[in-house]
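Here's my_file24.tsv, which has TSV, C-alpha atoms:
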chain	number	residue	atom	x	y	z
A	1	MET	CA	-2.72	13.43	2.72
A	2	LYS	CA	-4.67	10.68	1.02
A	3	LYS	CA	-8.26	10.12	2.19
A	4	ILE	CA	-10.52	7.22	1.29
A	5	PHE	CA	-14.27	7.83	1.30
A	6	SER	CA	-16.81	5.03	1.11
A	7	MET	CA	-20.30	6.04	0.03
A	8	THR	CA	-23.55	4.23	-0.46
A	9	VAL	CA	-25.73	5.98	-3.02
A	10	MET	CA	-28.98	5.44	-4.86
A	11	ASN	CA	-28.34	3.67	-8.16
A	12	ARG	CA	-29.80	6.37	-10.41
A	13	PRO	CA	-28.61	8.21	-13.52
A	14	GLY	CA	-26.58	11.35	-12.79
A	15	VAL	CA	-25.53	10.52	-9.21
A	16	LEU	CA	-21.88	9.91	-10.08
A	17	ASN	CA	-21.81	13.08	-12.19
A	18	ARG	CA	-23.13	15.18	-9.28
A	19	ILE	CA	-20.52	13.71	-6.93
A	20	THR	CA	-17.60	14.33	-9.30
A	21	ASN	CA	-18.87	17.86	-10.00
A	22	LEU	CA	-18.89	18.54	-6.25
A	23	PHE	CA	-15.18	17.64	-6.10
A	24	SER	CA	-14.21	19.58	-9.22
A	25	LYS	CA	-16.07	22.74	-8.09
A	26	ARG	CA	-13.99	22.72	-4.91
A	27	ASN	CA	-10.78	21.97	-6.83
A	28	TYR	CA	-10.17	18.49	-5.35
A	29	ASN	CA	-8.50	15.94	-7.56
A	30	ILE	CA	-9.94	12.43	-7.48
A	31	GLU	CA	-7.01	10.00	-7.50
A	32	SER	CA	-9.31	7.02	-8.08
A	33	ILE	CA	-12.97	6.22	-8.03
A	34	SER	CA	-14.60	2.80	-8.04
A	35	VAL	CA	-18.33	2.19	-8.38
A	36	GLY	CA	-20.39	-0.98	-8.28
A	37	LEU	CA	-23.63	-2.46	-7.06
A	38	ALA	CA	-23.96	-2.91	-3.30
A	39	GLU	CA	-25.64	-5.67	-1.31
A	40	GLN	CA	-29.02	-3.85	-1.41
A	41	GLU	CA	-31.05	-3.64	-4.59
A	42	GLY	CA	-31.07	-0.13	-6.07
A	43	VAL	CA	-27.97	0.93	-4.10
A	44	SER	CA	-24.38	1.33	-5.30
A	45	ARG	CA	-21.15	1.65	-3.36
A	46	ILE	CA	-18.58	4.25	-4.38
A	47	THR	CA	-15.01	4.22	-3.10
A	48	CYS	CA	-13.21	7.47	-3.76
A	49	VAL	CA	-9.55	8.30	-3.06
A	50	ILE	CA	-8.83	12.02	-2.78
A	51	HIS	CA	-5.76	14.04	-1.84
A	52	VAL	CA	-6.50	16.76	0.74
A	53	GLU	CA	-4.29	19.12	2.71
A	54	SER	CA	-5.91	18.66	6.14
A	55	ASP	CA	-8.45	16.74	8.19
A	56	ARG	CA	-10.60	19.86	8.15
A	57	GLU	CA	-10.87	19.64	4.34
A	58	ALA	CA	-11.82	15.96	4.60
A	59	GLU	CA	-14.52	16.84	7.13
A	60	GLN	CA	-15.80	19.55	4.80
A	61	ILE	CA	-15.98	17.06	1.92
A	62	THR	CA	-17.96	14.66	4.10
A	63	LYS	CA	-20.43	17.41	5.05
A	64	GLN	CA	-20.88	18.49	1.41
A	65	LEU	CA	-21.43	14.91	0.26
A	66	ASN	CA	-24.00	14.30	3.00
A	67	LYS	CA	-26.05	17.22	1.63
A	68	GLN	CA	-26.55	15.40	-1.67
A	69	ILE	CA	-30.02	13.87	-2.02
A	70	ASP	CA	-29.02	10.53	-3.57
A	71	ILE	CA	-26.20	9.82	-1.11
A	72	LEU	CA	-27.33	7.51	1.67
A	73	LYS	CA	-24.13	7.37	3.75
A	74	VAL	CA	-20.60	8.78	3.58
A	75	THR	CA	-17.74	7.41	5.66
A	76	ASP	CA	-14.12	8.53	5.77
A	77	ILE	CA	-12.41	5.14	6.21
A	78	SER	CA	-8.84	6.43	5.91
A	79	ASP	CA	-7.98	5.95	9.60
A	80	GLN	CA	-9.74	2.60	10.03
A	81	ALA	CA	-8.53	-0.93	9.52
A	82	ILE	CA	-9.74	-1.58	5.98
A	83	VAL	CA	-9.70	-4.20	3.28
A	84	ALA	CA	-8.58	-2.47	0.08
A	85	ARG	CA	-7.92	-3.96	-3.34
A	86	GLU	CA	-7.20	-2.77	-6.84
A	87	LEU	CA	-7.08	-4.55	-10.20
A	88	ALA	CA	-4.61	-3.83	-12.98
A	89	LEU	CA	-4.35	-5.24	-16.49
A	90	ILE	CA	-0.92	-4.74	-18.01
A	91	LYS	CA	0.11	-5.51	-21.59
A	92	VAL	CA	3.88	-5.89	-21.62
A	93	LEU	CA	6.24	-6.53	-24.53
A	94	SER	CA	7.46	-10.11	-24.51
A	95	THR	CA	9.88	-11.95	-26.76
A	96	PRO	CA	10.64	-15.67	-26.44
A	97	GLN	CA	13.88	-14.68	-24.69
A	98	THR	CA	12.22	-12.49	-22.03
A	99	ARG	CA	9.13	-14.62	-21.39
A	100	ASN	CA	10.76	-16.80	-18.72
A	101	GLU	CA	12.08	-13.71	-16.92
A	102	LEU	CA	8.57	-12.20	-16.92
A	103	TYR	CA	7.02	-15.40	-15.57
A	104	ALA	CA	9.62	-15.34	-12.78
A	105	LEU	CA	8.44	-11.84	-11.83
A	106	ILE	CA	4.74	-12.70	-12.14
A	107	GLU	CA	4.76	-15.70	-9.79
A	108	PRO	CA	5.82	-14.05	-6.49
A	109	PHE	CA	3.21	-11.32	-6.99
A	110	ARG	CA	0.47	-13.92	-7.52
A	111	ALA	CA	-0.40	-12.28	-10.79
A	112	ALA	CA	-1.77	-14.21	-13.76
A	113	VAL	CA	-1.11	-14.19	-17.48
A	114	ILE	CA	-4.52	-13.92	-19.13
A	115	ASP	CA	-3.45	-13.47	-22.77
A	116	VAL	CA	-0.38	-14.46	-24.75
A	117	SER	CA	0.58	-13.31	-28.23
A	118	LYS	CA	3.85	-13.60	-30.13
A	119	ASP	CA	5.07	-10.18	-28.98
A	120	SER	CA	3.20	-9.47	-25.71
A	121	LEU	CA	1.62	-10.80	-22.53
A	122	VAL	CA	-1.43	-9.44	-20.75
A	123	ILE	CA	-1.00	-9.73	-16.99
A	124	GLN	CA	-3.74	-9.43	-14.39
A	125	ILE	CA	-2.75	-8.43	-10.86
A	126	THR	CA	-4.89	-7.65	-7.84
A	127	GLY	CA	-3.94	-6.35	-4.42
A	128	GLU	CA	-3.17	-3.18	-2.55
A	129	SER	CA	-2.02	-0.15	-4.55
A	130	GLU	CA	1.54	-0.44	-3.23
A	131	LYS	CA	1.83	-4.02	-4.48
A	132	ILE	CA	0.63	-3.03	-7.94
A	133	GLU	CA	3.00	-0.05	-8.05
A	134	ALA	CA	5.93	-2.30	-7.11
A	135	PHE	CA	5.03	-4.81	-9.82
A	136	ILE	CA	4.70	-2.10	-12.46
A	137	GLU	CA	8.13	-0.72	-11.55
A	138	LEU	CA	9.65	-4.21	-11.94
A	139	ILE	CA	8.22	-4.82	-15.40
A	140	LYS	CA	8.74	-1.31	-16.81
A	141	PRO	CA	12.14	-2.20	-18.29
A	142	TYR	CA	10.45	-4.83	-20.49
A	143	GLY	CA	8.18	-2.20	-22.05
A	144	ILE	CA	4.59	-1.61	-21.03
A	145	LYS	CA	2.34	-1.28	-24.10
A	146	GLU	CA	-0.94	-0.67	-22.24
A	147	LEU	CA	-2.02	-0.30	-18.63
A	148	ALA	CA	-5.53	-0.16	-17.10
A	149	ARG	CA	-6.21	0.14	-13.37
A	150	THR	CA	-9.52	0.07	-11.54
A	151	GLY	CA	-8.64	2.27	-8.60
A	152	THR	CA	-9.08	1.32	-4.97
A	153	THR	CA	-12.16	-0.51	-3.75
A	154	ALA	CA	-12.34	-0.69	0.05
A	155	PHE	CA	-14.46	-1.03	3.15
A	156	PRO	CA	-13.78	-1.44	6.87
A	157	ARG	CA	-12.74	-4.79	8.29
A	158	GLY	CA	-15.26	-6.85	10.27
A	159	THR	CA	-14.59	-5.66	13.81
A	160	GLN	CA	-13.58	-2.10	14.44
A	161	LYS	CA	-12.44	-0.66	17.71
A	162	PRO	CA	-13.64	2.89	18.29
A	163	VAL	CA	-11.05	5.44	17.26
A	164	ASN	CA	-9.77	7.18	20.38
A	165	THR	CA	-8.13	10.42	19.32
A	166	GLN	CA	-7.50	11.52	22.89
A	167	LYS	CA	-4.33	10.07	24.38
A	168	THR	CA	-3.78	9.81	28.10
A	169	TYR	CA	-0.35	9.97	29.63
A	170	SER	CA	0.77	8.95	33.06
A	171	ILE	CA	3.90	10.04	34.85
A	172	VAL	CA	3.79	7.07	37.21
Write-out of the structure in structure tokens:
Amino acid sequence: MKKIFSMTVMNRPGVLNRITNLFSKRNYNIESISVGLAEQEGVSRITCVIHVESDREAEQITKQLNKQIDILKVTDISDQAIVARELALIKVLSTPQTRNELYALIEPFRAAVIDVSKDSLVIQITGESEKIEAFIELIKPYGIKELARTGTTAFPRGTQKPVNTQKTYSIV
């Protein structure tokens, strides 16, 4: 199962290296990692997407991360209502004959052409991972020359209801 961890960390050299080493030592593969400055000076936010086998493993990861000195807060936001976005830059082969077809695909996805040359287009698309995957699948037949993706950046939506894992049932 895919888990998304949001961390606030001190913005110091070596912090990201220690976090990624923690995952590699325990044989967890990081599907994506996104790092940037947070709202507080000297603090960065890291969003990390990891594949785990169980909730127990996710809990173990959270405990291990919380032991790190430079990590201020770790939150598993996988089961919350979140705002998540990703950015992709895609260089696709484009001839004068296929350009109109590509523009017809770009428009419904609200993507943008940010560079045009005689034999290619560079397309910028943002959104949820599923949207980007769908767009990539649609333009693959035209020939993708280069592809760069940022990975998921996410945090919880404004108002969150407490997660109630206990369900009550009534026979009446």
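Atom pair CA of Thr62 in chain A / CA of Gly36 in chain A: separated by 20.1 Å.
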Determine, counting all atoms listed in the file, which protein, DNA and RNA residues have an atom within 12 Å of an atom of Ile50 in chain A; residues of the same chain fewer than 5 positions away are not included. Present the result as a count of residues only.
26
Correct to one decimal, the distance CA of Ile144 in chain A-CA of Val49 in chain A is 24.9 Å
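The smallest atom-to-atom distance between Lys67 in chain A and any of A:Ile19, A:Val116, A:Ile136, A:Pro141, using all atoms listed in the file, is found for A:Ile19.
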Contact residues around Thr126 in chain A with only C-alpha atoms at 7 Å, ignoring same-chain residues under 2 positions, as a PyMOL selection string
chain A and resi 85-88+124
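The space separating CA of Glu146 in chain A from CA of Ala134 in chain A comes to 16.7 Å.
Comparing A:Thr150, A:Thr159, A:Thr47, A:Asn21 by their smallest distance to Gln68 in chain A, the closest is A:Asn21 (using all atoms listed in the file).
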Quiz item: Can you list, as a ChimeraX atom specification, every protein, DNA or RNA residue that comes within 8 Å of Ser120 in chain A when you count only C-alpha atoms, leaving out same-chain residues fewer than 5 positions away?
Solution: /A:91-95
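The shell of residues at most 12 Å from Leu138 in chain A, with all atoms listed in the file counted and near chain neighbours (fewer than 5 positions) removed, consists of Val92, Glu101, Leu102, Ala104, Leu105, Ile106, Pro108, Phe109, Lys131, Ile132, Glu133, Gly143 and Ile144 of chain A.
Distances from A:Leu89, A:Leu37, A:Cys48, A:Ile71 to Gly14 in chain A were compared using only C-alpha atoms, and the smallest one belongs to A:Ile71.
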Exercise. What lies within 9 Å of range 40-43 of chain A using all atoms listed in the file, ignoring chain neighbours under 4 positions off, as a PyMOL selection string?
Worked result: chain A and resi 8-12+36+72
Judged by all atoms listed in the file, the minimum distance to Val122 in chain A among A:Val52, A:Ala148, A:Ile139, A:Ile90 is found for A:Ile90
Thr153 in chain A proximity check over A:Val35, A:Glu130, A:Arg26, A:Ile114, using only C-alpha atoms: winner is A:Val35
Please enclose the listed atoms of range 36-43 of chain A in an axis-aligned box, pad each side by 5 Å, and write out the centre and the three edge lengths in Å, rounded to one decimal, as AutoDock Vina command-line options.
--center_x -25.7 --center_y -2.4 --center_z -4.8 --size_x 20.7 --size_y 16.6 --size_z 17.0
